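Since the structure comes first, as structure tokens, the remarks are kept for the end.
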Amino acid sequence: MTRAIITVVGKDTVGIIAKVCTYLADNQINILDISQTIVQDFFNMMMIVDMTRCEVAFEQISVELSHLGDGMGVQVKCQLEDIFDKMHRI
């Protein structure tokens with residue numbers, strides 16, 4: 001299984017979750033776990049996804065998600081789980 005961590009942070013607006021989830025579904029990326037919070041007007045979401053069935057290169061998915069976020073006024077970051085774990089290990 002190829003797992004990745006997707007984070008979305010920014011000012012809350014209508015449709016953030018819908019747009020990100022639609023993009024993932026269109027690319028055969030399965031959401032394994034999702035957590036989202038809104039603190040005052042700020043939106044924060046973290047997803048663990050399975051990219052095994054995705055036919056698009058990880059780098060392209062990462063760039064496209066970033067552009068999707070730009071269009072909504074939020075930051076979207078995508079990292080492979082292995083790299084994420086190594087960066088956040090204490």
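Just remember, in the structure tokens the first chain shown is A, the second B, etc., residues are 1-based per chain, and ligands are 1-based in the order shown.
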All residues 10 Å or closer to Gln36 (chain A), only C-alpha atoms, same chain fewer than 4 positions away omitted, as number ranges by chain | A: 7-9, 17, 43-47
Enumerate, as an mmCIF file with all heavy atoms, in the first residue's frame, the complete set of residues in chain A that a backbone-based DSSP assignment places in strand (DSSP E).
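This went into part.cif:
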data_model
loop_
_atom_site.group_PDB
_atom_site.id
_atom_site.type_symbol
_atom_site.label_atom_id
_atom_site.label_comp_id
_atom_site.auth_asym_id
_atom_site.auth_seq_id
_atom_site.Cartn_x
_atom_site.Cartn_y
_atom_site.Cartn_z
ATOM 1 N N ARG A 3 0.857 4.900 0.974
ATOM 2 C CA ARG A 3 0.070 5.842 1.769
ATOM 3 C C ARG A 3 0.722 7.211 1.760
ATOM 4 O O ARG A 3 1.938 7.332 1.693
ATOM 5 C CB ARG A 3 -0.084 5.335 3.202
ATOM 6 C CG ARG A 3 -0.952 4.100 3.242
ATOM 7 C CD ARG A 3 -1.061 3.372 4.544
ATOM 8 N NE ARG A 3 -0.828 4.081 5.765
ATOM 9 C CZ ARG A 3 -1.451 3.841 6.911
ATOM 10 N NH1 ARG A 3 -2.376 2.904 6.971
ATOM 11 N NH2 ARG A 3 -1.157 4.498 7.998
ATOM 12 N N ALA A 4 -0.142 8.240 1.838
ATOM 13 C CA ALA A 4 0.338 9.618 1.867
ATOM 14 C C ALA A 4 -0.464 10.398 2.895
ATOM 15 O O ALA A 4 -1.573 10.004 3.271
ATOM 16 C CB ALA A 4 0.201 10.259 0.491
ATOM 17 N N ILE A 5 0.111 11.500 3.339
ATOM 18 C CA ILE A 5 -0.530 12.407 4.279
ATOM 19 C C ILE A 5 -0.842 13.695 3.521
ATOM 20 O O ILE A 5 0.049 14.283 2.899
ATOM 21 C CB ILE A 5 0.399 12.742 5.469
ATOM 22 C CG1 ILE A 5 0.987 11.484 6.108
ATOM 23 C CG2 ILE A 5 -0.324 13.631 6.476
ATOM 24 C CD1 ILE A 5 -0.009 10.530 6.679
ATOM 25 N N ILE A 6 -2.101 14.110 3.573
ATOM 26 C CA ILE A 6 -2.519 15.356 2.939
ATOM 27 C C ILE A 6 -2.990 16.296 4.035
ATOM 28 O O ILE A 6 -3.801 15.908 4.882
ATOM 29 C CB ILE A 6 -3.653 15.117 1.926
ATOM 30 C CG1 ILE A 6 -3.163 14.201 0.804
ATOM 31 C CG2 ILE A 6 -4.167 16.455 1.365
ATOM 32 C CD1 ILE A 6 -4.254 13.755 -0.144
ATOM 33 N N THR A 7 -2.465 17.521 4.039
ATOM 34 C CA THR A 7 -2.905 18.524 5.000
ATOM 35 C C THR A 7 -3.469 19.719 4.244
ATOM 36 O O THR A 7 -2.963 20.093 3.186
ATOM 37 C CB THR A 7 -1.758 18.991 5.921
ATOM 38 O OG1 THR A 7 -0.694 19.481 5.120
ATOM 39 C CG2 THR A 7 -1.259 17.856 6.796
ATOM 40 N N VAL A 8 -4.527 20.289 4.807
ATOM 41 C CA VAL A 8 -5.172 21.468 4.228
ATOM 42 C C VAL A 8 -5.331 22.486 5.356
ATOM 43 O O VAL A 8 -5.912 22.171 6.395
ATOM 44 C CB VAL A 8 -6.554 21.120 3.639
ATOM 45 C CG1 VAL A 8 -7.182 22.351 3.002
ATOM 46 C CG2 VAL A 8 -6.458 19.978 2.633
ATOM 47 N N VAL A 9 -4.797 23.690 5.159
ATOM 48 C CA VAL A 9 -4.848 24.730 6.190
ATOM 49 C C VAL A 9 -5.174 26.062 5.523
ATOM 50 O O VAL A 9 -4.631 26.385 4.464
ATOM 51 C CB VAL A 9 -3.485 24.854 6.919
ATOM 52 C CG1 VAL A 9 -3.516 25.964 7.952
ATOM 53 C CG2 VAL A 9 -3.088 23.534 7.551
ATOM 54 N N GLY A 10 -6.071 26.823 6.161
ATOM 55 C CA GLY A 10 -6.363 28.155 5.653
ATOM 56 C C GLY A 10 -7.684 28.684 6.167
ATOM 57 O O GLY A 10 -8.316 28.097 7.041
ATOM 58 N N LYS A 11 -8.092 29.805 5.623
ATOM 59 C CA LYS A 11 -9.353 30.446 5.973
ATOM 60 C C LYS A 11 -10.500 29.542 5.508
ATOM 61 O O LYS A 11 -10.491 29.031 4.394
ATOM 62 C CB LYS A 11 -9.424 31.806 5.280
ATOM 63 C CG LYS A 11 -10.481 32.696 5.799
ATOM 64 C CD LYS A 11 -9.952 33.510 6.946
ATOM 65 C CE LYS A 11 -10.882 34.691 7.181
ATOM 66 N NZ LYS A 11 -10.898 35.109 8.537
ATOM 67 N N ASN A 30 -7.939 6.594 -2.279
ATOM 68 C CA ASN A 30 -8.892 6.233 -1.223
ATOM 69 C C ASN A 30 -8.517 6.900 0.096
ATOM 70 O O ASN A 30 -7.363 6.866 0.523
ATOM 71 C CB ASN A 30 -8.911 4.712 -1.038
ATOM 72 C CG ASN A 30 -9.995 4.276 -0.098
ATOM 73 O OD1 ASN A 30 -11.093 4.809 -0.101
ATOM 74 N ND2 ASN A 30 -9.683 3.281 0.726
ATOM 75 N N ILE A 31 -9.508 7.506 0.739
ATOM 76 C CA ILE A 31 -9.295 8.130 2.041
ATOM 77 C C ILE A 31 -9.393 7.060 3.118
ATOM 78 O O ILE A 31 -10.429 6.394 3.245
ATOM 79 C CB ILE A 31 -10.328 9.241 2.302
ATOM 80 C CG1 ILE A 31 -10.204 10.331 1.247
ATOM 81 C CG2 ILE A 31 -10.148 9.815 3.709
ATOM 82 C CD1 ILE A 31 -11.356 11.319 1.224
ATOM 83 N N LEU A 32 -8.323 6.878 3.886
ATOM 84 C CA LEU A 32 -8.294 5.885 4.961
ATOM 85 C C LEU A 32 -8.709 6.492 6.293
ATOM 86 O O LEU A 32 -9.334 5.842 7.117
ATOM 87 C CB LEU A 32 -6.894 5.281 5.083
ATOM 88 C CG LEU A 32 -6.360 4.595 3.831
ATOM 89 C CD1 LEU A 32 -4.897 4.202 4.041
ATOM 90 C CD2 LEU A 32 -7.206 3.388 3.472
ATOM 91 N N ASP A 33 -8.325 7.744 6.521
ATOM 92 C CA ASP A 33 -8.642 8.430 7.771
ATOM 93 C C ASP A 33 -8.680 9.921 7.483
ATOM 94 O O ASP A 33 -7.923 10.415 6.645
ATOM 95 C CB ASP A 33 -7.579 8.117 8.823
ATOM 96 C CG ASP A 33 -8.050 8.374 10.241
ATOM 97 O OD1 ASP A 33 -9.177 8.892 10.418
ATOM 98 O OD2 ASP A 33 -7.285 8.079 11.178
ATOM 99 N N ILE A 34 -9.560 10.624 8.180
ATOM 100 C CA ILE A 34 -9.689 12.059 7.964
ATOM 101 C C ILE A 34 -10.049 12.726 9.285
ATOM 102 O O ILE A 34 -10.834 12.188 10.066
ATOM 103 C CB ILE A 34 -10.740 12.368 6.875
ATOM 104 C CG1 ILE A 34 -10.838 13.876 6.598
ATOM 105 C CG2 ILE A 34 -12.077 11.776 7.228
ATOM 106 C CD1 ILE A 34 -11.710 14.216 5.393
ATOM 107 N N SER A 35 -9.430 13.867 9.518
ATOM 108 C CA SER A 35 -9.724 14.665 10.702
ATOM 109 C C SER A 35 -9.755 16.118 10.271
ATOM 110 O O SER A 35 -8.875 16.570 9.530
ATOM 111 C CB SER A 35 -8.635 14.453 11.752
ATOM 112 O OG SER A 35 -8.790 15.363 12.814
ATOM 113 N N GLN A 36 -10.778 16.843 10.697
ATOM 114 C CA GLN A 36 -10.831 18.259 10.363
ATOM 115 C C GLN A 36 -11.396 19.049 11.524
ATOM 116 O O GLN A 36 -12.225 18.554 12.267
ATOM 117 C CB GLN A 36 -11.626 18.500 9.083
ATOM 118 C CG GLN A 36 -13.092 18.178 9.145
ATOM 119 C CD GLN A 36 -13.962 19.399 9.433
ATOM 120 O OE1 GLN A 36 -13.586 20.518 9.131
ATOM 121 N NE2 GLN A 36 -15.098 19.184 10.035
ATOM 122 N N THR A 37 -10.864 20.252 11.673
ATOM 123 C CA THR A 37 -11.337 21.157 12.718
ATOM 124 C C THR A 37 -11.421 22.562 12.145
ATOM 125 O O THR A 37 -10.727 22.899 11.185
ATOM 126 C CB THR A 37 -10.404 21.193 13.941
ATOM 127 O OG1 THR A 37 -9.102 21.593 13.518
ATOM 128 C CG2 THR A 37 -10.323 19.856 14.629
ATOM 129 N N ILE A 38 -12.278 23.344 12.755
ATOM 130 C CA ILE A 38 -12.366 24.758 12.432
ATOM 131 C C ILE A 38 -12.236 25.509 13.751
ATOM 132 O O ILE A 38 -12.999 25.267 14.679
ATOM 133 C CB ILE A 38 -13.693 25.103 11.744
ATOM 134 C CG1 ILE A 38 -13.821 24.330 10.430
ATOM 135 C CG2 ILE A 38 -13.784 26.606 11.491
ATOM 136 C CD1 ILE A 38 -15.173 24.406 9.794
ATOM 137 N N VAL A 39 -11.236 26.367 13.844
ATOM 138 C CA VAL A 39 -11.018 27.184 15.025
ATOM 139 C C VAL A 39 -11.243 28.626 14.594
ATOM 140 O O VAL A 39 -10.485 29.149 13.772
ATOM 141 C CB VAL A 39 -9.597 26.992 15.590
ATOM 142 C CG1 VAL A 39 -9.374 27.909 16.774
ATOM 143 C CG2 VAL A 39 -9.362 25.538 15.962
ATOM 144 N N PHE A 42 -10.570 29.537 10.923
ATOM 145 C CA PHE A 42 -9.462 28.832 10.299
ATOM 146 C C PHE A 42 -9.742 27.336 10.212
ATOM 147 O O PHE A 42 -10.097 26.690 11.193
ATOM 148 C CB PHE A 42 -8.152 29.112 11.038
ATOM 149 C CG PHE A 42 -7.773 30.549 10.931
ATOM 150 C CD1 PHE A 42 -8.083 31.449 11.935
ATOM 151 C CD2 PHE A 42 -7.131 31.027 9.795
ATOM 152 C CE1 PHE A 42 -7.765 32.790 11.821
ATOM 153 C CE2 PHE A 42 -6.798 32.366 9.674
ATOM 154 C CZ PHE A 42 -7.120 33.244 10.691
ATOM 155 N N PHE A 43 -9.545 26.808 9.005
ATOM 156 C CA PHE A 43 -9.824 25.413 8.677
ATOM 157 C C PHE A 43 -8.530 24.619 8.705
ATOM 158 O O PHE A 43 -7.502 25.066 8.196
ATOM 159 C CB PHE A 43 -10.445 25.360 7.277
ATOM 160 C CG PHE A 43 -10.743 23.978 6.788
ATOM 161 C CD1 PHE A 43 -11.939 23.376 7.111
ATOM 162 C CD2 PHE A 43 -9.837 23.290 5.997
ATOM 163 C CE1 PHE A 43 -12.227 22.100 6.654
ATOM 164 C CE2 PHE A 43 -10.110 22.015 5.546
ATOM 165 C CZ PHE A 43 -11.307 21.427 5.873
ATOM 166 N N ASN A 44 -8.577 23.416 9.285
ATOM 167 C CA ASN A 44 -7.426 22.526 9.320
ATOM 168 C C ASN A 44 -7.916 21.109 9.079
ATOM 169 O O ASN A 44 -8.822 20.644 9.775
ATOM 170 C CB ASN A 44 -6.710 22.625 10.672
ATOM 171 C CG ASN A 44 -5.452 21.804 10.722
ATOM 172 O OD1 ASN A 44 -4.750 21.670 9.740
ATOM 173 N ND2 ASN A 44 -5.177 21.241 11.879
ATOM 174 N N MET A 45 -7.340 20.431 8.098
ATOM 175 C CA MET A 45 -7.729 19.052 7.808
ATOM 176 C C MET A 45 -6.472 18.222 7.552
ATOM 177 O O MET A 45 -5.514 18.695 6.944
ATOM 178 C CB MET A 45 -8.631 19.000 6.575
ATOM 179 C CG MET A 45 -9.048 17.591 6.185
ATOM 180 S SD MET A 45 -10.352 17.544 4.923
ATOM 181 C CE MET A 45 -9.515 18.241 3.509
ATOM 182 N N MET A 46 -6.508 17.002 8.049
ATOM 183 C CA MET A 46 -5.422 16.052 7.805
ATOM 184 C C MET A 46 -6.052 14.751 7.342
ATOM 185 O O MET A 46 -7.030 14.279 7.934
ATOM 186 C CB MET A 46 -4.609 15.822 9.078
ATOM 187 C CG MET A 46 -3.459 14.894 8.900
ATOM 188 S SD MET A 46 -2.483 14.877 10.417
ATOM 189 C CE MET A 46 -1.330 13.584 10.014
ATOM 190 N N MET A 47 -5.511 14.191 6.273
ATOM 191 C CA MET A 47 -6.021 12.940 5.719
ATOM 192 C C MET A 47 -4.875 11.952 5.548
ATOM 193 O O MET A 47 -3.757 12.343 5.210
ATOM 194 C CB MET A 47 -6.641 13.157 4.331
ATOM 195 C CG MET A 47 -7.683 14.222 4.245
ATOM 196 S SD MET A 47 -8.082 14.551 2.529
ATOM 197 C CE MET A 47 -9.714 13.904 2.476
ATOM 198 N N ILE A 48 -5.178 10.697 5.774
ATOM 199 C CA ILE A 48 -4.268 9.614 5.392
ATOM 200 C C ILE A 48 -4.956 8.925 4.221
ATOM 201 O O ILE A 48 -6.135 8.549 4.323
ATOM 202 C CB ILE A 48 -4.026 8.633 6.551
ATOM 203 C CG1 ILE A 48 -3.425 9.375 7.742
ATOM 204 C CG2 ILE A 48 -3.109 7.489 6.093
ATOM 205 C CD1 ILE A 48 -3.307 8.528 9.001
ATOM 206 N N VAL A 49 -4.247 8.823 3.109
ATOM 207 C CA VAL A 49 -4.847 8.265 1.897
ATOM 208 C C VAL A 49 -4.016 7.112 1.356
ATOM 209 O O VAL A 49 -2.813 7.016 1.606
ATOM 210 C CB VAL A 49 -5.009 9.353 0.808
ATOM 211 C CG1 VAL A 49 -5.931 10.467 1.291
ATOM 212 C CG2 VAL A 49 -3.675 9.920 0.361
ATOM 213 N N ASP A 50 -4.702 6.236 0.606
ATOM 214 C CA ASP A 50 -4.056 5.113 -0.073
ATOM 215 C C ASP A 50 -3.991 5.456 -1.559
ATOM 216 O O ASP A 50 -5.025 5.640 -2.208
ATOM 217 C CB ASP A 50 -4.858 3.836 0.148
ATOM 218 C CG ASP A 50 -4.298 2.643 -0.604
ATOM 219 O OD1 ASP A 50 -3.196 2.740 -1.173
ATOM 220 O OD2 ASP A 50 -4.989 1.604 -0.627
ATOM 221 N N VAL A 74 -6.394 28.227 0.238
ATOM 222 C CA VAL A 74 -5.848 27.419 1.333
ATOM 223 C C VAL A 74 -4.555 26.760 0.866
ATOM 224 O O VAL A 74 -4.279 26.685 -0.331
ATOM 225 C CB VAL A 74 -6.853 26.334 1.819
ATOM 226 C CG1 VAL A 74 -8.096 26.972 2.394
ATOM 227 C CG2 VAL A 74 -7.195 25.353 0.714
ATOM 228 N N GLN A 75 -3.766 26.279 1.816
ATOM 229 C CA GLN A 75 -2.544 25.538 1.510
ATOM 230 C C GLN A 75 -2.842 24.050 1.566
ATOM 231 O O GLN A 75 -3.365 23.562 2.572
ATOM 232 C CB GLN A 75 -1.464 25.840 2.529
ATOM 233 C CG GLN A 75 -0.508 26.885 2.131
ATOM 234 C CD GLN A 75 0.703 26.908 3.069
ATOM 235 O OE1 GLN A 75 0.691 26.350 4.158
ATOM 236 N NE2 GLN A 75 1.746 27.567 2.631
ATOM 237 N N VAL A 76 -2.513 23.326 0.506
ATOM 238 C CA VAL A 76 -2.665 21.880 0.491
ATOM 239 C C VAL A 76 -1.284 21.272 0.281
ATOM 240 O O VAL A 76 -0.597 21.590 -0.692
ATOM 241 C CB VAL A 76 -3.627 21.405 -0.621
ATOM 242 C CG1 VAL A 76 -3.773 19.890 -0.585
ATOM 243 C CG2 VAL A 76 -4.991 22.080 -0.492
ATOM 244 N N LYS A 77 -0.875 20.428 1.205
ATOM 245 C CA LYS A 77 0.422 19.751 1.123
ATOM 246 C C LYS A 77 0.193 18.250 1.085
ATOM 247 O O LYS A 77 -0.682 17.725 1.782
ATOM 248 C CB LYS A 77 1.296 20.076 2.342
ATOM 249 C CG LYS A 77 1.584 21.543 2.529
ATOM 250 C CD LYS A 77 2.585 22.031 1.532
ATOM 251 C CE LYS A 77 2.910 23.493 1.817
ATOM 252 N NZ LYS A 77 3.687 24.085 0.777
ATOM 253 N N CYS A 78 0.993 17.562 0.302
ATOM 254 C CA CYS A 78 0.897 16.106 0.196
ATOM 255 C C CYS A 78 2.302 15.525 0.352
ATOM 256 O O CYS A 78 3.229 15.944 -0.338
ATOM 257 C CB CYS A 78 0.299 15.734 -1.161
ATOM 258 S SG CYS A 78 -0.027 13.984 -1.380
ATOM 259 N N GLN A 79 2.443 14.577 1.291
ATOM 260 C CA GLN A 79 3.737 13.931 1.533
ATOM 261 C C GLN A 79 3.522 12.429 1.633
ATOM 262 O O GLN A 79 2.517 11.981 2.198
ATOM 263 C CB GLN A 79 4.344 14.398 2.853
ATOM 264 C CG GLN A 79 4.723 15.851 2.898
ATOM 265 C CD GLN A 79 5.260 16.215 4.262
ATOM 266 O OE1 GLN A 79 4.545 16.165 5.250
ATOM 267 N NE2 GLN A 79 6.530 16.595 4.319
ATOM 268 N N LEU A 80 4.478 11.672 1.132
ATOM 269 C CA LEU A 80 4.418 10.229 1.333
ATOM 270 C C LEU A 80 4.549 9.941 2.825
ATOM 271 O O LEU A 80 5.261 10.643 3.542
ATOM 272 C CB LEU A 80 5.526 9.525 0.550
ATOM 273 C CG LEU A 80 5.338 9.538 -0.971
ATOM 274 C CD1 LEU A 80 6.575 8.981 -1.656
ATOM 275 C CD2 LEU A 80 4.098 8.751 -1.370
#
Check the DSSP output for the backbone and give back, as a PyMOL selection string, the residues of chain A in helix (DSSP H, G or I).
-> chain A and resi 16-26+58-72+81-87
Mind writing the picked residues with N, CA and C atoms as a CSV table (one decimal), in the first residue's frame?
chain,number,residue,atom,x,y,z
A,16,ILE,N,-14.4,23.3,0.7
A,16,ILE,CA,-13.0,22.8,0.8
A,16,ILE,C,-13.0,21.3,0.7
A,17,ILE,N,-13.7,20.6,1.7
A,17,ILE,CA,-13.7,19.2,1.8
A,17,ILE,C,-14.2,18.6,0.5
A,18,ALA,N,-15.3,19.1,-0.1
A,18,ALA,CA,-15.9,18.5,-1.3
A,18,ALA,C,-14.9,18.6,-2.4
A,19,LYS,N,-14.2,19.7,-2.6
A,19,LYS,CA,-13.3,19.8,-3.8
A,19,LYS,C,-12.1,18.9,-3.6
A,20,VAL,N,-11.5,18.8,-2.4
A,20,VAL,CA,-10.4,17.9,-2.2
A,20,VAL,C,-10.8,16.5,-2.4
A,21,CYS,N,-11.9,16.1,-1.8
A,21,CYS,CA,-12.4,14.7,-1.9
A,21,CYS,C,-12.8,14.3,-3.3
A,22,THR,N,-13.4,15.2,-4.1
A,22,THR,CA,-13.7,15.0,-5.5
A,22,THR,C,-12.4,14.7,-6.3
A,23,TYR,N,-11.4,15.6,-6.1
A,23,TYR,CA,-10.1,15.4,-6.7
A,23,TYR,C,-9.6,14.0,-6.4
A,24,LEU,N,-9.6,13.6,-5.2
A,24,LEU,CA,-9.0,12.3,-4.8
A,24,LEU,C,-9.8,11.2,-5.4
A,25,ALA,N,-11.1,11.3,-5.4
A,25,ALA,CA,-11.9,10.2,-6.0
A,25,ALA,C,-11.7,10.1,-7.5
A,26,ASP,N,-11.6,11.2,-8.2
A,26,ASP,CA,-11.3,11.3,-9.6
A,26,ASP,C,-10.0,10.6,-10.0
A,58,PHE,N,3.1,10.6,-8.2
A,58,PHE,CA,2.9,11.2,-6.9
A,58,PHE,C,3.2,12.7,-7.0
A,59,GLU,N,4.3,13.1,-7.7
A,59,GLU,CA,4.7,14.4,-7.8
A,59,GLU,C,3.7,15.3,-8.5
A,60,GLN,N,3.0,14.7,-9.5
A,60,GLN,CA,2.0,15.4,-10.2
A,60,GLN,C,0.7,15.6,-9.3
A,61,ILE,N,0.4,14.6,-8.6
A,61,ILE,CA,-0.7,14.7,-7.6
A,61,ILE,C,-0.4,15.8,-6.6
A,62,SER,N,0.8,15.9,-6.1
A,62,SER,CA,1.2,16.9,-5.1
A,62,SER,C,1.0,18.3,-5.7
A,63,VAL,N,1.5,18.5,-6.9
A,63,VAL,CA,1.4,19.8,-7.6
A,63,VAL,C,0.0,20.2,-7.8
A,64,GLU,N,-0.8,19.2,-8.3
A,64,GLU,CA,-2.2,19.5,-8.6
A,64,GLU,C,-3.0,19.9,-7.4
A,65,LEU,N,-2.7,19.2,-6.3
A,65,LEU,CA,-3.4,19.5,-5.0
A,65,LEU,C,-3.0,20.9,-4.5
A,66,SER,N,-1.8,21.2,-4.7
A,66,SER,CA,-1.3,22.6,-4.3
A,66,SER,C,-2.0,23.6,-5.1
A,67,HIS,N,-2.2,23.4,-6.4
A,67,HIS,CA,-2.9,24.4,-7.3
A,67,HIS,C,-4.4,24.4,-6.9
A,68,LEU,N,-5.0,23.3,-6.6
A,68,LEU,CA,-6.4,23.2,-6.1
A,68,LEU,C,-6.5,24.1,-4.9
A,69,GLY,N,-5.6,24.0,-4.0
A,69,GLY,CA,-5.7,24.8,-2.7
A,69,GLY,C,-5.5,26.3,-3.0
A,70,ASP,N,-4.6,26.6,-4.0
A,70,ASP,CA,-4.4,28.0,-4.3
A,70,ASP,C,-5.7,28.6,-4.8
A,71,GLY,N,-6.5,27.8,-5.6
A,71,GLY,CA,-7.7,28.3,-6.1
A,71,GLY,C,-8.8,28.5,-5.0
A,72,MET,N,-8.6,27.9,-3.9
A,72,MET,CA,-9.6,28.0,-2.8
A,72,MET,C,-9.0,29.0,-1.7
A,81,GLU,N,3.9,8.9,3.3
A,81,GLU,CA,3.8,8.6,4.7
A,81,GLU,C,5.2,8.4,5.3
A,82,ASP,N,6.1,7.7,4.5
A,82,ASP,CA,7.4,7.4,5.0
A,82,ASP,C,8.2,8.7,5.3
A,83,ILE,N,8.1,9.6,4.4
A,83,ILE,CA,8.8,10.9,4.6
A,83,ILE,C,8.2,11.7,5.8
A,84,PHE,N,6.9,11.7,5.8
A,84,PHE,CA,6.2,12.4,6.9
A,84,PHE,C,6.6,11.8,8.2
A,85,ASP,N,6.7,10.5,8.4
A,85,ASP,CA,7.1,9.9,9.6
A,85,ASP,C,8.5,10.3,10.0
A,86,LYS,N,9.4,10.3,9.1
A,86,LYS,CA,10.8,10.6,9.3
A,86,LYS,C,10.9,12.0,9.8
A,87,MET,N,10.2,12.9,9.2
A,87,MET,CA,10.3,14.4,9.5
A,87,MET,C,9.7,14.6,10.9
